[in-house]
Amino acid sequence: MDIRILLIAMENGERNIYCEVIRELGVKVSAVPSLKGLNADVTDLYFHGVVIDMPTKIYALKNDREFIYSTLRKFPAAHVSIEKESRQIRVFFPGQDPGATLLDFINDKCRPFTPRRLAYHIRKELHFNVILSKDRGSGISTSEKTVTVDVSEKGCFLFSVQNWAPGDTAWLTVVELSDRTPISAQVCRCVEWGTAMQVPGIGVKFKEIKEFQTKEISKMLWS
């Protein structure tokens with residue numbers, strides 16, 4: 001499989017330098033100025049690593065903090081900058097040897113890494129209105145009306161004060177989705193009411209969810 005790198009760098013001459021150097025190494029690169037508002041041409045791709053321009057990161061942290069750190073935790077990541085006088089690229093990544101280059105990062109960190117799709121691993125603070133129940137056939141009157149605390153394509157955390165246990169099946173009807181077919185999810189984590197400084201509720205992993213629902217959630221994550 002071809003190696004593909006996500007480059008996060010503002011649209012300027014330095015980004016062109018990064019792209020040129022990466023391509024000369026025989027690596028595919030997708031360049032974006034930010035992680036917000038990306039379309040499916042980028043979020044549906046699989047990447048072996050992330051290269052982020054340091055000035056871009058400093059600027060992006062003002063608005064994209066959760067996206068930046070979530071992404072850098074999930075992929076091999078290198079920080080880069082360009083020296084003003086020599087115009088050489090300086091590279092910083094965990095475990096690097098002195099004088100390491102972009103080629104070293106790609107060979108040592110990216111090639112052994114199993115590529116991942118970008119959108120799949122992003123978790124965002126989104127507050128969907130949800131009808132939550134333990135039985136798919138439960139009516140609204142016997143279900144809990146609640147909201148999500150945060151959401152990813154894989155699952156979400158929901159506010160709840162009901163009795164749940166890891167392994168339970170939960171059914172979620174998300175009001176904001178165009179398709180309100182109940183989503184089946186497995187409870188992975190429970191936080192009881194009264195736990196100091198924590199929102200009570202359940203962390204769930206989606207088990208049965210329609211493709212269109214996943215795509216709609218993905219679109220909201222990146223909007």
# chains A, B, ... in the order shown; residues from 1 in each chain; ligands from 1
call {"tool": "select_by_dssp", "arguments": {"residues": "range 50-178 of chain A", "states": "strand (DSSP E or B)", "output": "JSON, numbers by chain"}}
result
{"A": [50, 51, 52, 53, 77, 78, 79, 80, 81, 82, 89, 90, 91, 92, 116, 117, 124, 129, 130, 131, 132, 133, 144, 145, 146, 147, 148, 149, 150, 151, 155, 156, 157, 158, 159, 169, 170, 171, 172, 173, 174]}
call {"tool": "residues_around", "arguments": {"residues": "Phe92 in chain A", "least_positions_apart": "4", "cutoff": "12 Å", "atoms": "only C-alpha atoms", "output": "list in words"}}
result
Val50, Val51, Ile52, Asp53, Met54, Pro76, Ala77, Ala78, His79, Val80, Ser81, Ile82, Gln96, Asp97, Pro98, Gly99, Ala100, Thr101, Leu102, Asp104 and Phe105 of chain A
call {"tool": "closest_residue", "arguments": {"among": "A:Lys145, A:Lys134, A:Lys205, A:Arg116", "to": "Thr43 in chain A", "atoms": "only C-alpha atoms"}}
result
A:Arg116
call {"tool": "closest_residue", "arguments": {"among": "A:Trp193, A:Phe113, A:Trp171, A:Phe157", "to": "Phe75 in chain A", "atoms": "only C-alpha atoms"}}
result
A:Phe113
call {"tool": "residues_around", "arguments": {"residues": "Thr214 in chain A", "least_positions_apart": "3", "cutoff": "10 Å", "atoms": "only C-alpha atoms", "output": "ChimeraX atom specification"}}
result
/A:120,152-154,177,206,209-211,217-220
call {"tool": "write_last_selection", "arguments": {"atoms": "N, CA, C and O atoms", "output": "short mmCIF file (atom, residue, chain, number, x, y, z; two decimals), in the first residue's frame"}}
result
data_model
loop_
_atom_site.label_atom_id
_atom_site.label_comp_id
_atom_site.auth_asym_id
_atom_site.auth_seq_id
_atom_site.Cartn_x
_atom_site.Cartn_y
_atom_site.Cartn_z
N TYR A 120 -12.68 8.62 11.62
CA TYR A 120 -13.13 7.56 12.52
C TYR A 120 -12.70 7.79 13.96
O TYR A 120 -13.34 7.31 14.89
N SER A 152 -18.36 10.41 18.67
CA SER A 152 -17.42 10.04 17.63
C SER A 152 -18.19 9.14 16.66
O SER A 152 -19.36 8.83 16.87
N GLU A 153 -17.52 8.71 15.59
CA GLU A 153 -18.17 7.77 14.69
C GLU A 153 -18.36 6.41 15.34
O GLU A 153 -19.21 5.63 14.94
N LYS A 154 -17.55 6.12 16.36
CA LYS A 154 -17.59 4.81 17.00
C LYS A 154 -18.64 4.72 18.10
O LYS A 154 -19.13 3.64 18.40
N LEU A 177 -30.76 13.40 13.67
CA LEU A 177 -30.44 12.67 12.44
C LEU A 177 -31.65 12.60 11.52
O LEU A 177 -32.79 12.47 11.99
N PHE A 206 -21.23 2.00 19.24
CA PHE A 206 -22.30 1.64 18.31
C PHE A 206 -22.10 0.22 17.79
O PHE A 206 -20.99 -0.17 17.40
N ILE A 209 -25.71 0.42 13.27
CA ILE A 209 -25.99 1.78 12.84
C ILE A 209 -25.96 1.82 11.32
O ILE A 209 -25.09 1.20 10.70
N LYS A 210 -26.90 2.51 10.72
CA LYS A 210 -26.97 2.56 9.27
C LYS A 210 -25.84 3.43 8.71
O LYS A 210 -25.38 4.37 9.34
N GLU A 211 -25.41 3.08 7.50
CA GLU A 211 -24.30 3.80 6.87
C GLU A 211 -24.61 5.29 6.72
O GLU A 211 -23.75 6.14 6.95
N ILE A 217 -23.32 11.71 10.98
CA ILE A 217 -22.57 12.02 12.20
C ILE A 217 -21.19 12.54 11.84
O ILE A 217 -20.70 13.52 12.41
N SER A 218 -20.54 11.88 10.88
CA SER A 218 -19.20 12.30 10.43
C SER A 218 -19.22 13.73 9.92
O SER A 218 -18.34 14.54 10.24
N LYS A 219 -20.24 14.07 9.17
CA LYS A 219 -20.36 15.43 8.62
C LYS A 219 -20.49 16.45 9.74
O LYS A 219 -19.88 17.53 9.71
N MET A 220 -21.26 16.10 10.79
CA MET A 220 -21.43 17.02 11.91
C MET A 220 -20.14 17.14 12.73
O MET A 220 -19.85 18.20 13.29
#
call {"tool": "select_by_dssp", "arguments": {"residues": "range 12-63 of chain A", "states": "helix (DSSP H, G or I)", "output": "PyMOL selection string"}}
result
chain A and resi 13-24+40-43+54-60
call {"tool": "write_last_selection", "arguments": {"atoms": "C-alpha atoms", "output": "short mmCIF file (atom, residue, chain, number, x, y, z; two decimals), in the first residue's frame"}}
result
data_model
loop_
_atom_site.label_atom_id
_atom_site.label_comp_id
_atom_site.auth_asym_id
_atom_site.auth_seq_id
_atom_site.Cartn_x
_atom_site.Cartn_y
_atom_site.Cartn_z
CA GLY A 13 5.04 29.04 0.19
CA GLU A 14 6.26 26.90 3.06
CA ARG A 15 3.41 24.44 2.56
CA ASN A 16 4.50 24.08 -1.06
CA ILE A 17 8.00 23.23 0.13
CA TYR A 18 6.71 20.56 2.50
CA CYS A 19 4.53 18.99 -0.22
CA GLU A 20 7.38 18.96 -2.72
CA VAL A 21 9.80 17.30 -0.30
CA ILE A 22 7.28 14.68 0.81
CA ARG A 23 6.37 13.79 -2.77
CA GLU A 24 10.05 13.50 -3.69
CA ALA A 40 -15.10 13.45 2.39
CA ASP A 41 -12.15 13.63 -0.02
CA VAL A 42 -9.93 13.87 3.06
CA THR A 43 -11.93 12.38 5.96
CA MET A 54 4.57 24.43 13.94
CA PRO A 55 3.31 27.98 13.17
CA THR A 56 0.08 26.43 11.87
CA LYS A 57 -0.32 24.38 15.05
CA ILE A 58 0.13 27.42 17.27
CA TYR A 59 -2.54 29.28 15.30
CA ALA A 60 -4.89 26.27 15.05
#
call {"tool": "atom_distance", "arguments": {"atom1": "CA of Gln162 in chain A", "atom2": "CA of Lys124 in chain A"}}
result
23.9 Å
call {"tool": "residues_around", "arguments": {"residues": "Pro115 in chain A", "least_positions_apart": "6", "cutoff": "10 Å", "atoms": "only C-alpha atoms", "output": "ChimeraX atom specification"}}
result
/A:1,3-5,45-49,75-76
call {"tool": "closest_residue", "arguments": {"among": "A:Thr181, A:Gln186, A:Thr195, A:Thr114", "to": "Val161 in chain A", "atoms": "only C-alpha atoms"}}
result
A:Thr195
call {"tool": "residues_around", "arguments": {"residues": "Val191 in chain A", "least_positions_apart": "6", "cutoff": "9 Å", "atoms": "only C-alpha atoms", "output": "number ranges by chain"}}
result
A: 160-161, 198-203
call {"tool": "residues_around", "arguments": {"residues": "Arg136 in chain A", "least_positions_apart": "4", "cutoff": "12 Å", "atoms": "only C-alpha atoms", "output": "list of chain:residue names"}}
result
A:Ile131, A:Leu132, A:Ile140, A:Thr142, A:Ser143, A:Thr169, A:Ala170, A:Trp171, A:Leu172, A:Thr173, A:Thr181, A:Pro182, A:Ile183, A:Ser184, A:Ala185, A:Glu208
call {"tool": "write_last_selection", "arguments": {"atoms": "C-alpha atoms", "output": "short mmCIF file (atom, residue, chain, number, x, y, z; two decimals), in the first residue's frame"}}
result
data_model
loop_
_atom_site.label_atom_id
_atom_site.label_comp_id
_atom_site.auth_asym_id
_atom_site.auth_seq_id
_atom_site.Cartn_x
_atom_site.Cartn_y
_atom_site.Cartn_z
CA ILE A 131 -34.36 8.96 23.39
CA LEU A 132 -32.51 6.28 25.37
CA ILE A 140 -41.15 7.50 24.64
CA THR A 142 -40.94 4.62 29.28
CA SER A 143 -37.64 5.83 27.83
CA THR A 169 -27.45 -3.01 25.22
CA ALA A 170 -28.76 0.51 24.80
CA TRP A 171 -31.05 1.80 22.04
CA LEU A 172 -30.57 5.38 20.88
CA THR A 173 -32.99 7.40 18.79
CA THR A 181 -33.96 4.43 13.14
CA PRO A 182 -32.91 3.32 16.66
CA ILE A 183 -29.16 2.71 16.94
CA SER A 184 -28.02 -0.33 18.90
CA ALA A 185 -25.05 0.30 21.20
CA GLU A 208 -25.91 -1.53 14.67
#
call {"tool": "closest_residue", "arguments": {"among": "A:Val204, A:Leu7, A:Leu221, A:Leu118", "to": "Lys36 in chain A", "atoms": "only C-alpha atoms"}}
result
A:Leu221
call {"tool": "closest_residue", "arguments": {"among": "A:Arg123, A:Lys215, A:Arg180, A:Lys207", "to": "Ile68 in chain A", "atoms": "only C-alpha atoms"}}
result
A:Arg123
